[in-house]
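Here is model12.cif, consisting of mmCIF, C-alpha atoms and all ligand atoms:
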data_data
#
loop_
_atom_site.group_PDB
_atom_site.id
_atom_site.type_symbol
_atom_site.label_atom_id
_atom_site.label_comp_id
_atom_site.auth_asym_id
_atom_site.auth_seq_id
_atom_site.Cartn_x
_atom_site.Cartn_y
_atom_site.Cartn_z
ATOM 1 C CA MET T 1 -46.053 -81.919 120.758
ATOM 2 C CA PRO T 2 -44.177 -84.781 122.438
ATOM 3 C CA SER T 3 -41.763 -86.673 120.181
ATOM 4 C CA LYS T 4 -41.200 -90.442 120.120
ATOM 5 C CA ALA T 5 -38.518 -92.291 122.073
ATOM 6 C CA THR T 6 -37.112 -93.873 118.921
ATOM 7 C CA GLU T 7 -36.595 -90.611 117.040
ATOM 8 C CA GLY T 8 -33.116 -89.200 116.439
ATOM 9 C CA LEU T 9 -31.144 -91.924 118.196
ATOM 10 C CA PRO T 10 -27.346 -91.882 117.858
ATOM 11 C CA ASP T 11 -25.503 -94.670 116.011
ATOM 12 C CA ASP T 12 -24.292 -96.068 119.312
ATOM 13 C CA ASN T 13 -24.682 -95.248 123.007
ATOM 14 C CA GLU T 14 -21.457 -93.251 123.091
ATOM 15 C CA GLY T 15 -23.205 -90.601 120.996
ATOM 16 C CA TYR T 16 -25.244 -89.609 124.049
ATOM 17 C CA GLY T 17 -22.052 -88.472 125.734
ATOM 18 C CA THR T 18 -21.260 -85.806 123.134
ATOM 19 C CA ARG T 19 -22.410 -82.221 122.819
ATOM 20 C CA LYS T 20 -22.421 -82.668 119.030
ATOM 21 C CA TYR T 21 -25.103 -85.341 119.242
ATOM 22 C CA TRP T 22 -27.360 -83.244 121.463
ATOM 23 C CA GLU T 23 -26.911 -80.139 119.337
ATOM 24 C CA HIS T 24 -27.836 -82.096 116.210
ATOM 25 C CA ARG T 25 -30.760 -83.713 117.905
ATOM 26 C CA TYR T 26 -32.209 -80.367 118.868
ATOM 27 C CA THR T 27 -31.350 -78.478 115.700
ATOM 28 C CA SER T 28 -34.013 -77.686 113.114
ATOM 29 C CA SER T 29 -33.706 -79.177 109.638
ATOM 30 C CA ALA T 30 -32.858 -75.714 108.278
ATOM 31 C CA SER T 31 -29.445 -75.873 109.861
ATOM 32 C CA LEU T 32 -28.420 -79.330 108.696
ATOM 33 C CA HIS T 33 -25.346 -79.036 106.496
ATOM 34 C CA THR T 34 -24.373 -82.382 105.051
ATOM 35 C CA LYS T 35 -26.184 -85.132 103.232
ATOM 36 C CA GLN T 36 -24.999 -87.532 105.902
ATOM 37 C CA LEU T 37 -26.577 -85.481 108.631
ATOM 38 C CA LYS T 38 -29.773 -85.102 106.631
ATOM 39 C CA THR T 39 -29.977 -88.859 106.283
ATOM 40 C CA LYS T 40 -29.272 -89.538 109.914
ATOM 41 C CA LEU T 41 -31.410 -86.858 111.393
ATOM 42 C CA THR T 42 -34.533 -86.696 109.273
ATOM 43 C CA THR T 43 -36.370 -88.192 112.223
ATOM 44 C CA ARG T 44 -34.652 -86.223 114.959
ATOM 45 C CA GLU T 45 -36.620 -83.849 117.120
ATOM 46 C CA LYS T 46 -37.999 -80.739 115.486
ATOM 47 C CA GLN T 47 -38.073 -77.400 117.226
ATOM 48 C CA GLY T 48 -41.226 -77.005 119.222
ATOM 49 C CA THR T 49 -41.382 -80.602 120.393
ATOM 50 C CA THR T 50 -40.979 -81.785 123.954
ATOM 51 C CA PHE T 51 -39.469 -85.021 125.113
ATOM 52 C CA ASP T 52 -38.997 -86.569 128.520
ATOM 53 C CA TRP T 53 -36.445 -89.346 128.591
ATOM 54 C CA PHE T 54 -38.268 -91.270 131.276
ATOM 55 C CA LEU T 55 -41.222 -90.849 133.621
ATOM 56 C CA THR T 56 -43.662 -87.995 133.197
ATOM 57 C CA PRO T 57 -43.170 -84.678 135.009
ATOM 58 C CA GLU T 58 -46.599 -85.187 136.566
ATOM 59 C CA TYR T 59 -45.374 -88.492 138.037
ATOM 60 C CA LEU T 60 -42.194 -86.842 139.384
ATOM 61 C CA LEU T 61 -43.701 -83.645 140.795
ATOM 62 C CA PRO T 62 -44.947 -85.241 144.068
ATOM 63 C CA PHE T 63 -41.419 -86.523 144.787
ATOM 64 C CA VAL T 64 -40.072 -82.991 144.378
ATOM 65 C CA SER T 65 -42.776 -81.330 146.449
ATOM 66 C CA ASP T 66 -42.487 -83.986 149.154
ATOM 67 C CA LEU T 67 -38.736 -83.401 149.511
ATOM 68 C CA TYR T 68 -38.793 -79.665 148.910
ATOM 69 C CA PRO T 69 -42.251 -78.199 149.656
ATOM 70 C CA SER T 70 -41.188 -74.528 149.725
ATOM 71 C CA LYS T 71 -42.271 -72.877 146.495
ATOM 72 C CA GLU T 72 -40.040 -69.912 147.309
ATOM 73 C CA SER T 73 -36.979 -72.002 146.555
ATOM 74 C CA ARG T 74 -34.457 -71.108 143.854
ATOM 75 C CA VAL T 75 -34.129 -74.172 141.630
ATOM 76 C CA LEU T 76 -31.417 -75.194 139.156
ATOM 77 C CA MET T 77 -32.306 -77.754 136.443
ATOM 78 C CA LEU T 78 -29.180 -79.453 135.066
ATOM 79 C CA GLY T 79 -29.346 -80.605 131.417
ATOM 80 C CA CYS T 80 -32.944 -79.482 130.995
ATOM 81 C CA GLY T 81 -33.221 -80.584 127.347
ATOM 82 C CA ASN T 82 -36.783 -80.069 126.127
ATOM 83 C CA SER T 83 -38.319 -81.880 129.086
ATOM 84 C CA ARG T 84 -41.604 -80.576 130.537
ATOM 85 C CA LEU T 85 -40.414 -81.004 134.127
ATOM 86 C CA SER T 86 -39.551 -77.309 134.635
ATOM 87 C CA GLU T 87 -42.846 -76.236 133.054
ATOM 88 C CA VAL T 88 -44.868 -78.539 135.303
ATOM 89 C CA MET T 89 -42.932 -77.388 138.387
ATOM 90 C CA TYR T 90 -43.419 -73.752 137.381
ATOM 91 C CA ASP T 91 -47.162 -74.178 136.987
ATOM 92 C CA ALA T 92 -47.229 -75.880 140.402
ATOM 93 C CA GLY T 93 -45.657 -72.768 141.954
ATOM 94 C CA TYR T 94 -41.862 -73.281 141.722
ATOM 95 C CA GLN T 95 -41.331 -70.249 139.530
ATOM 96 C CA ASN T 96 -37.740 -69.338 140.312
ATOM 97 C CA ILE T 97 -36.096 -71.937 138.069
ATOM 98 C CA VAL T 98 -32.776 -71.576 136.244
ATOM 99 C CA ASN T 99 -32.471 -74.103 133.400
ATOM 100 C CA VAL T 100 -29.120 -74.998 131.849
ATOM 101 C CA ASP T 101 -28.059 -77.212 128.964
ATOM 102 C CA TYR T 102 -24.989 -77.203 126.725
ATOM 103 C CA SER T 103 -27.088 -77.246 123.557
ATOM 104 C CA SER T 104 -27.585 -73.633 122.456
ATOM 105 C CA THR T 105 -30.430 -74.759 120.181
ATOM 106 C CA VAL T 106 -32.516 -76.309 122.920
ATOM 107 C CA ILE T 107 -31.902 -73.313 125.179
ATOM 108 C CA GLN T 108 -33.112 -70.890 122.488
ATOM 109 C CA ASP T 109 -36.097 -73.089 121.717
ATOM 110 C CA MET T 110 -37.139 -73.530 125.350
ATOM 111 C CA SER T 111 -36.602 -69.859 126.105
ATOM 112 C CA ALA T 112 -38.976 -68.926 123.258
ATOM 113 C CA ARG T 113 -41.486 -71.618 124.201
ATOM 114 C CA HIS T 114 -41.697 -70.391 127.791
ATOM 115 C CA ILE T 115 -41.865 -66.655 127.177
ATOM 116 C CA SER T 116 -45.124 -66.643 129.137
ATOM 117 C CA ARG T 117 -43.297 -68.051 132.188
ATOM 118 C CA PRO T 118 -41.030 -65.052 132.745
ATOM 119 C CA GLN T 119 -39.493 -66.026 136.071
ATOM 120 C CA MET T 120 -37.958 -69.137 134.556
ATOM 121 C CA THR T 121 -34.573 -68.510 132.853
ATOM 122 C CA TRP T 122 -32.556 -70.487 130.284
ATOM 123 C CA TYR T 123 -28.777 -70.546 129.816
ATOM 124 C CA GLU T 124 -26.393 -72.399 127.556
ATOM 125 C CA MET T 125 -23.966 -73.845 130.077
ATOM 126 C CA ASP T 126 -21.851 -76.912 130.774
ATOM 127 C CA VAL T 127 -22.983 -78.612 133.976
ATOM 128 C CA LEU T 128 -19.327 -79.479 134.603
ATOM 129 C CA ASN T 129 -18.424 -75.802 134.755
ATOM 130 C CA LEU T 130 -21.420 -73.870 136.062
ATOM 131 C CA GLN T 131 -21.127 -70.115 135.615
ATOM 132 C CA LEU T 132 -23.189 -69.614 138.772
ATOM 133 C CA GLU T 133 -22.386 -68.276 142.212
ATOM 134 C CA ASP T 134 -21.475 -70.453 145.171
ATOM 135 C CA GLY T 135 -24.343 -71.116 147.564
ATOM 136 C CA SER T 136 -27.055 -69.510 145.437
ATOM 137 C CA PHE T 137 -29.649 -72.326 145.067
ATOM 138 C CA ASP T 138 -31.968 -74.229 147.414
ATOM 139 C CA LEU T 139 -32.605 -77.157 145.108
ATOM 140 C CA VAL T 140 -30.619 -78.649 142.194
ATOM 141 C CA ILE T 141 -32.210 -81.311 139.975
ATOM 142 C CA ASP T 142 -30.693 -83.726 137.468
ATOM 143 C CA LYS T 143 -33.094 -85.895 135.485
ATOM 144 C CA GLY T 144 -31.158 -88.186 133.187
ATOM 145 C CA THR T 145 -28.240 -85.831 132.579
ATOM 146 C CA MET T 146 -25.555 -87.763 134.437
ATOM 147 C CA ASP T 147 -26.879 -90.844 132.634
ATOM 148 C CA ALA T 148 -25.829 -89.252 129.335
ATOM 149 C CA MET T 149 -22.259 -89.041 130.666
ATOM 150 C CA LEU T 150 -22.088 -92.758 131.386
ATOM 151 C CA THR T 151 -22.423 -94.133 127.880
ATOM 152 C CA SER T 152 -18.838 -95.124 127.027
ATOM 153 C CA LYS T 153 -18.175 -98.515 125.491
ATOM 154 C CA GLY T 154 -16.670 -101.112 127.770
ATOM 155 C CA ASP T 155 -17.336 -102.510 131.183
ATOM 156 C CA PRO T 156 -20.155 -100.641 132.993
ATOM 157 C CA TRP T 157 -18.875 -102.096 136.293
ATOM 158 C CA ASN T 158 -15.632 -100.261 135.743
ATOM 159 C CA PRO T 159 -16.310 -97.087 133.740
ATOM 160 C CA PRO T 160 -13.412 -95.164 132.207
ATOM 161 C CA GLN T 161 -11.763 -92.610 134.471
ATOM 162 C CA LYS T 162 -12.954 -89.721 132.279
ATOM 163 C CA ASP T 163 -16.591 -90.687 132.949
ATOM 164 C CA VAL T 164 -15.956 -91.108 136.676
ATOM 165 C CA ASP T 165 -14.283 -87.681 136.721
ATOM 166 C CA ALA T 166 -17.140 -86.049 134.791
ATOM 167 C CA CYS T 167 -19.874 -87.440 137.063
ATOM 168 C CA THR T 168 -17.896 -86.536 140.182
ATOM 169 C CA LYS T 169 -17.392 -82.995 138.827
ATOM 170 C CA GLU T 170 -21.090 -82.628 138.077
ATOM 171 C CA VAL T 171 -21.953 -83.441 141.701
ATOM 172 C CA ASP T 172 -19.105 -81.191 142.949
ATOM 173 C CA GLU T 173 -20.596 -78.327 140.945
ATOM 174 C CA ALA T 174 -24.157 -79.023 142.136
ATOM 175 C CA LEU T 175 -23.029 -78.946 145.784
ATOM 176 C CA ARG T 176 -20.938 -75.821 145.213
ATOM 177 C CA VAL T 177 -23.927 -73.801 143.948
ATOM 178 C CA LEU T 178 -26.299 -75.133 146.622
ATOM 179 C CA LYS T 179 -26.749 -73.070 149.785
ATOM 180 C CA HIS T 180 -24.892 -74.641 152.650
ATOM 181 C CA SER T 181 -27.914 -74.404 154.909
ATOM 182 C CA PRO T 182 -30.251 -77.050 156.335
ATOM 183 C CA GLY T 183 -32.683 -78.423 153.783
ATOM 184 C CA SER T 184 -30.694 -77.654 150.626
ATOM 185 C CA LYS T 185 -30.925 -80.640 148.300
ATOM 186 C CA PHE T 186 -29.551 -82.214 145.151
ATOM 187 C CA LEU T 187 -32.087 -84.586 143.533
ATOM 188 C CA TYR T 188 -31.003 -87.011 140.826
ATOM 189 C CA PHE T 189 -33.670 -88.979 138.923
ATOM 190 C CA THR T 190 -32.267 -91.902 136.937
ATOM 191 C CA PHE T 191 -32.681 -95.445 135.673
ATOM 192 C CA GLY T 192 -29.193 -96.115 137.079
ATOM 193 C CA GLN T 193 -29.022 -98.834 139.717
ATOM 194 C CA PRO T 194 -27.447 -97.839 143.064
ATOM 195 C CA HIS T 195 -24.328 -99.916 142.464
ATOM 196 C CA PHE T 196 -23.532 -97.797 139.404
ATOM 197 C CA ARG T 197 -24.424 -94.368 140.797
ATOM 198 C CA LYS T 198 -23.766 -94.259 144.577
ATOM 199 C CA ARG T 199 -20.037 -93.765 144.142
ATOM 200 C CA TYR T 200 -20.564 -90.209 142.826
ATOM 201 C CA MET T 201 -22.606 -89.096 145.824
ATOM 202 C CA THR T 202 -21.254 -90.891 148.880
ATOM 203 C CA ASN T 203 -18.412 -89.626 151.100
ATOM 204 C CA ARG T 204 -19.436 -86.008 150.692
ATOM 205 C CA PRO T 205 -18.724 -84.244 154.010
ATOM 206 C CA ASP T 206 -21.731 -82.247 155.301
ATOM 207 C CA TRP T 207 -24.121 -83.902 152.824
ATOM 208 C CA ARG T 208 -26.391 -86.785 153.853
ATOM 209 C CA PHE T 209 -26.955 -89.351 151.092
ATOM 210 C CA THR T 210 -30.161 -91.374 150.690
ATOM 211 C CA TYR T 211 -31.879 -93.065 147.779
ATOM 212 C CA ARG T 212 -35.102 -94.824 146.974
ATOM 213 C CA GLU T 213 -36.749 -96.690 144.158
ATOM 214 C CA ILE T 214 -39.540 -94.563 142.715
ATOM 215 C CA GLY T 215 -41.386 -96.992 140.492
ATOM 216 C CA PRO T 216 -43.335 -96.961 138.303
ATOM 217 C CA PRO T 217 -45.496 -99.859 139.559
ATOM 218 C CA GLU T 218 -44.718 -101.926 136.450
ATOM 219 C CA GLY T 219 -41.697 -102.136 134.190
ATOM 220 C CA LEU T 220 -38.182 -100.801 134.563
ATOM 221 C CA ALA T 221 -37.369 -99.438 138.030
ATOM 222 C CA TYR T 222 -36.208 -95.857 138.396
ATOM 223 C CA PHE T 223 -34.372 -94.284 141.315
ATOM 224 C CA LEU T 224 -34.172 -90.990 143.146
ATOM 225 C CA TYR T 225 -30.828 -90.166 144.762
ATOM 226 C CA VAL T 226 -30.778 -87.330 147.302
ATOM 227 C CA LEU T 227 -27.966 -85.329 148.862
ATOM 228 C CA GLU T 228 -29.179 -83.081 151.690
ATOM 229 C CA TYR T 229 -27.089 -80.524 153.533
ATOM 230 C CA ALA T 230 -26.745 -81.903 157.040
ATOM 231 C CA SER T 231 -23.875 -80.191 158.785
ATOM 232 C CA SER T 232 -24.365 -79.349 162.459
HETATM 233 C C1 LIG T 301 -30.887 -87.718 128.487
HETATM 234 S S1 LIG T 301 -31.147 -85.989 128.161
HETATM 235 C C2 LIG T 301 -32.215 -85.554 129.542
HETATM 236 C C3 LIG T 301 -32.989 -84.304 129.225
HETATM 237 C C4 LIG T 301 -34.054 -83.936 130.285
HETATM 238 N N1 LIG T 301 -33.445 -83.674 131.581
HETATM 239 C C5 LIG T 301 -35.100 -85.024 130.404
HETATM 240 O O1 LIG T 301 -35.284 -85.575 131.486
HETATM 241 O O2 LIG T 301 -35.754 -85.330 129.417
HETATM 242 C C6 LIG T 301 -29.577 -85.296 128.673
HETATM 243 C C7 LIG T 301 -29.513 -83.769 128.505
HETATM 244 O O3 LIG T 301 -28.338 -83.317 129.163
HETATM 245 C C8 LIG T 301 -27.662 -82.391 128.316
HETATM 246 N N2 LIG T 301 -26.240 -82.496 128.699
HETATM 247 C C9 LIG T 301 -25.448 -83.605 128.670
HETATM 248 N N3 LIG T 301 -24.225 -83.320 129.127
HETATM 249 C C10 LIG T 301 -24.245 -82.003 129.476
HETATM 250 C C11 LIG T 301 -23.274 -81.120 130.010
HETATM 251 N N4 LIG T 301 -22.015 -81.527 130.283
HETATM 252 N N5 LIG T 301 -23.636 -79.846 130.256
HETATM 253 C C12 LIG T 301 -24.889 -79.415 129.971
HETATM 254 N N6 LIG T 301 -25.849 -80.202 129.453
HETATM 255 C C13 LIG T 301 -25.529 -81.482 129.212
HETATM 256 C C14 LIG T 301 -27.983 -82.801 126.893
HETATM 257 O O4 LIG T 301 -27.845 -81.732 125.992
HETATM 258 C C15 LIG T 301 -29.437 -83.274 127.065
HETATM 259 O O5 LIG T 301 -30.341 -82.210 126.864
#

Would you mind writing the structure in this file as structure tokens?
Ligand SMILES: C[S@@+](CC[C@H](N)C(=O)[O-])C[C@H]1O[C@@H](n2cnc3c(N)ncnc32)[C@H](O)[C@@H]1O
Amino acid sequence: MPSKATEGLPDDNEGYGTRKYWEHRYTSSASLHTKQLKTKLTTREKQGTTFDWFLTPEYLLPFVSDLYPSKESRVLMLGCGNSRLSEVMYDAGYQNIVNVDYSSTVIQDMSARHISRPQMTWYEMDVLNLQLEDGSFDLVIDKGTMDAMLTSKGDPWNPPQKDVDACTKEVDEALRVLKHSPGSKFLYFTFGQPHFRKRYMTNRPDWRFTYREIGPPEGLAYFLYVLEYASS
């Protein structure tokens, strides 16, 4: 059952940048310890719910299949949360998907939920330190995960160095685990305007950077940033 966008919000935006917030958000009420947490999180997501932070997986699937039509590809989903994107991709034929998130609760929950999709795997892992081999994926996808790392207080035009370092490291890690062969791609779906996101993806030797606005037709604009292996 999808949950609502207003459920389980942190006290301020900085909460989105912490593992503690995500773990609490995804944890069942049985494991809440303090009265304070009970008060704050009575409306947070329950196990068994799904939630996509923006745009539906059905809306995004054509962008993925347009840019990476081969269903044989090995895919890495960074910060999968309890989004339906991997499920929708799997049912469309992309079955070799490795999903990672640093919340152990969401990984256990999603692993149990998708027991009938056996080729898709789930690992508790920090996207800033991927325990995955160099050059072992064709396609790496981030939907809204880098966004959660850019929630510090202060001037968004000049984010703190720790956020810049984290976002840069995430892209470093994505490119490290991608195959260095023509066609390999990193796709990043976000609400982040180019001015605030390009800096993490440009000036990457051997990787061609492009981006486009992906709609929807009305309302807030979303973007797809692409890094494609392009060495001669
Ligand atoms: C805004 S949610 C997006 C979830 C999902 N991709 C979606 O589109 O609905 C951000 C997700 O990234 C995860 N996350 C944030 N930082 C992470 C990190 N350093 N390593 C692994 N997962 C991380 C959070 O646990 C959360 O599930």

I'd like a table as JSON lines: residues in chain T with an atom no more than 7 Å from ligand LIG 301 (chain T), each row giving the shortest atom pair and its distance in Å to one decimal, all atoms listed in the file counted, sorted by chain and rising residue number.
{"residue": "T:Gly17", "atom": "CA", "partner": "T:LIG301", "partner_atom": "N3", "distance": 6.5}
{"residue": "T:Arg19", "atom": "CA", "partner": "T:LIG301", "partner_atom": "O4", "distance": 6.3}
{"residue": "T:Trp22", "atom": "CA", "partner": "T:LIG301", "partner_atom": "O4", "distance": 4.8}
{"residue": "T:Glu23", "atom": "CA", "partner": "T:LIG301", "partner_atom": "O4", "distance": 6.9}
{"residue": "T:Phe51", "atom": "CA", "partner": "T:LIG301", "partner_atom": "O2", "distance": 5.7}
{"residue": "T:Asp52", "atom": "CA", "partner": "T:LIG301", "partner_atom": "O2", "distance": 3.6}
{"residue": "T:Trp53", "atom": "CA", "partner": "T:LIG301", "partner_atom": "O2", "distance": 4.2}
{"residue": "T:Phe54", "atom": "CA", "partner": "T:LIG301", "partner_atom": "O1", "distance": 6.4}
{"residue": "T:Leu78", "atom": "CA", "partner": "T:LIG301", "partner_atom": "N6", "distance": 6.6}
{"residue": "T:Gly79", "atom": "CA", "partner": "T:LIG301", "partner_atom": "O3", "distance": 3.7}
{"residue": "T:Cys80", "atom": "CA", "partner": "T:LIG301", "partner_atom": "N1", "distance": 4.3}
{"residue": "T:Gly81", "atom": "CA", "partner": "T:LIG301", "partner_atom": "O5", "distance": 3.3}
{"residue": "T:Asn82", "atom": "CA", "partner": "T:LIG301", "partner_atom": "O2", "distance": 6.3}
{"residue": "T:Ser83", "atom": "CA", "partner": "T:LIG301", "partner_atom": "O2", "distance": 4.3}
{"residue": "T:Val100", "atom": "CA", "partner": "T:LIG301", "partner_atom": "C12", "distance": 6.4}
{"residue": "T:Asp101", "atom": "CA", "partner": "T:LIG301", "partner_atom": "N6", "distance": 3.8}
{"residue": "T:Tyr102", "atom": "CA", "partner": "T:LIG301", "partner_atom": "C12", "distance": 3.9}
{"residue": "T:Ser103", "atom": "CA", "partner": "T:LIG301", "partner_atom": "O4", "distance": 5.2}
{"residue": "T:Met125", "atom": "CA", "partner": "T:LIG301", "partner_atom": "C12", "distance": 5.6}
{"residue": "T:Asp126", "atom": "CA", "partner": "T:LIG301", "partner_atom": "N5", "distance": 3.5}
{"residue": "T:Val127", "atom": "CA", "partner": "T:LIG301", "partner_atom": "N5", "distance": 4.0}
{"residue": "T:Leu128", "atom": "CA", "partner": "T:LIG301", "partner_atom": "N4", "distance": 5.5}
{"residue": "T:Asp142", "atom": "CA", "partner": "T:LIG301", "partner_atom": "N1", "distance": 6.5}
{"residue": "T:Lys143", "atom": "CA", "partner": "T:LIG301", "partner_atom": "N1", "distance": 4.5}
{"residue": "T:Gly144", "atom": "CA", "partner": "T:LIG301", "partner_atom": "C2", "distance": 4.6}
{"residue": "T:Thr145", "atom": "CA", "partner": "T:LIG301", "partner_atom": "C6", "distance": 4.2}
{"residue": "T:Asp147", "atom": "CA", "partner": "T:LIG301", "partner_atom": "C1", "distance": 6.6}
{"residue": "T:Ala148", "atom": "CA", "partner": "T:LIG301", "partner_atom": "C1", "distance": 5.4}
{"residue": "T:Met149", "atom": "CA", "partner": "T:LIG301", "partner_atom": "N3", "distance": 6.2}

Using 9 Å as the limit and counting all atoms listed in the file, can you tabulate each residue of stretch 165-203 of chain T that touches stretch 212-222 of chain T, with its shortest atom-to-atom distance in Å and the two atoms involved, as a tab-separated table?
residue	atom	partner	partner_atom	distance
T:Phe189	CA	T:Tyr222	CA	7.4
T:Thr190	CA	T:Tyr222	CA	5.8
T:Phe191	CA	T:Tyr222	CA	4.5
T:Gly192	CA	T:Tyr222	CA	7.1
T:Gln193	CA	T:Tyr222	CA	7.9

Selection to disk with C-alpha atoms, as a PDB file, in the coordinates of the input:
ATOM      1  CA  PHE T 189     -33.670 -88.979 138.923  1.00  0.00           C
ATOM      2  CA  THR T 190     -32.267 -91.902 136.937  1.00  0.00           C
ATOM      3  CA  PHE T 191     -32.681 -95.445 135.673  1.00  0.00           C
ATOM      4  CA  GLY T 192     -29.193 -96.115 137.079  1.00  0.00           C
ATOM      5  CA  GLN T 193     -29.022 -98.834 139.717  1.00  0.00           C
TER       6      GLN T 193
END

One number please: atom CA of T:Met120 to atom CA of T:Ile97, in Å, one decimal.
4.9 Å

Which polymer residues have any atom within 12 Å of an atom of T:Thr168, counting only C-alpha atoms, with same-chain residues fewer than 2 positions away left out, as a tab-separated table (two decimals) with C-alpha atoms, in the coordinates of the input?
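Output (part_39.tsv):
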chain	number	residue	atom	x	y	z
T	127	VAL	CA	-22.98	-78.61	133.98
T	128	LEU	CA	-19.33	-79.48	134.60
T	146	MET	CA	-25.56	-87.76	134.44
T	149	MET	CA	-22.26	-89.04	130.67
T	150	LEU	CA	-22.09	-92.76	131.39
T	161	GLN	CA	-11.76	-92.61	134.47
T	162	LYS	CA	-12.95	-89.72	132.28
T	163	ASP	CA	-16.59	-90.69	132.95
T	164	VAL	CA	-15.96	-91.11	136.68
T	165	ASP	CA	-14.28	-87.68	136.72
T	166	ALA	CA	-17.14	-86.05	134.79
T	170	GLU	CA	-21.09	-82.63	138.08
T	171	VAL	CA	-21.95	-83.44	141.70
T	172	ASP	CA	-19.10	-81.19	142.95
T	173	GLU	CA	-20.60	-78.33	140.94
T	174	ALA	CA	-24.16	-79.02	142.14
T	175	LEU	CA	-23.03	-78.95	145.78
T	197	ARG	CA	-24.42	-94.37	140.80
T	198	LYS	CA	-23.77	-94.26	144.58
T	199	ARG	CA	-20.04	-93.76	144.14
T	200	TYR	CA	-20.56	-90.21	142.83
T	201	MET	CA	-22.61	-89.10	145.82
T	202	THR	CA	-21.25	-90.89	148.88
T	203	ASN	CA	-18.41	-89.63	151.10
T	204	ARG	CA	-19.44	-86.01	150.69

Which distance in Å separates atom CA of T:Thr50 and atom CA of T:Ile141, to one decimal?
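Atom-to-atom, atom CA of T:Thr50 to atom CA of T:Ile141, that is 18.3 Å.
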
For T:Ser184, which residue among T:Ala230, T:Leu60, T:Val88, T:Leu224 is the nearest when counting only C-alpha atoms?
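Counting only C-alpha atoms, the residue closest to T:Ser184 is T:Ala230.
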
Separation of atom CA of T:Met77 and atom CA of T:Val140, in Å?
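Taking atom CA of T:Met77 and atom CA of T:Val140, their separation equals 6.1 Å.
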
I'd like the contact shell of T:Glu72 - 10 Å cut-off, all atoms listed in the file, skipping same-chain residues fewer than 6 positions apart - returned as a PyMOL selection string.
chain T and resi 93-96+138

Let's have the selection written as a PDB file, keeping the file's coordinate frame, with C-alpha atoms.
ATOM      1  CA  GLY T  93     -45.657 -72.768 141.954  1.00  0.00           C
ATOM      2  CA  TYR T  94     -41.862 -73.281 141.722  1.00  0.00           C
ATOM      3  CA  GLN T  95     -41.331 -70.249 139.530  1.00  0.00           C
ATOM      4  CA  ASN T  96     -37.740 -69.338 140.312  1.00  0.00           C
ATOM      5  CA  ASP T 138     -31.968 -74.229 147.414  1.00  0.00           C
TER       6      ASP T 138
END
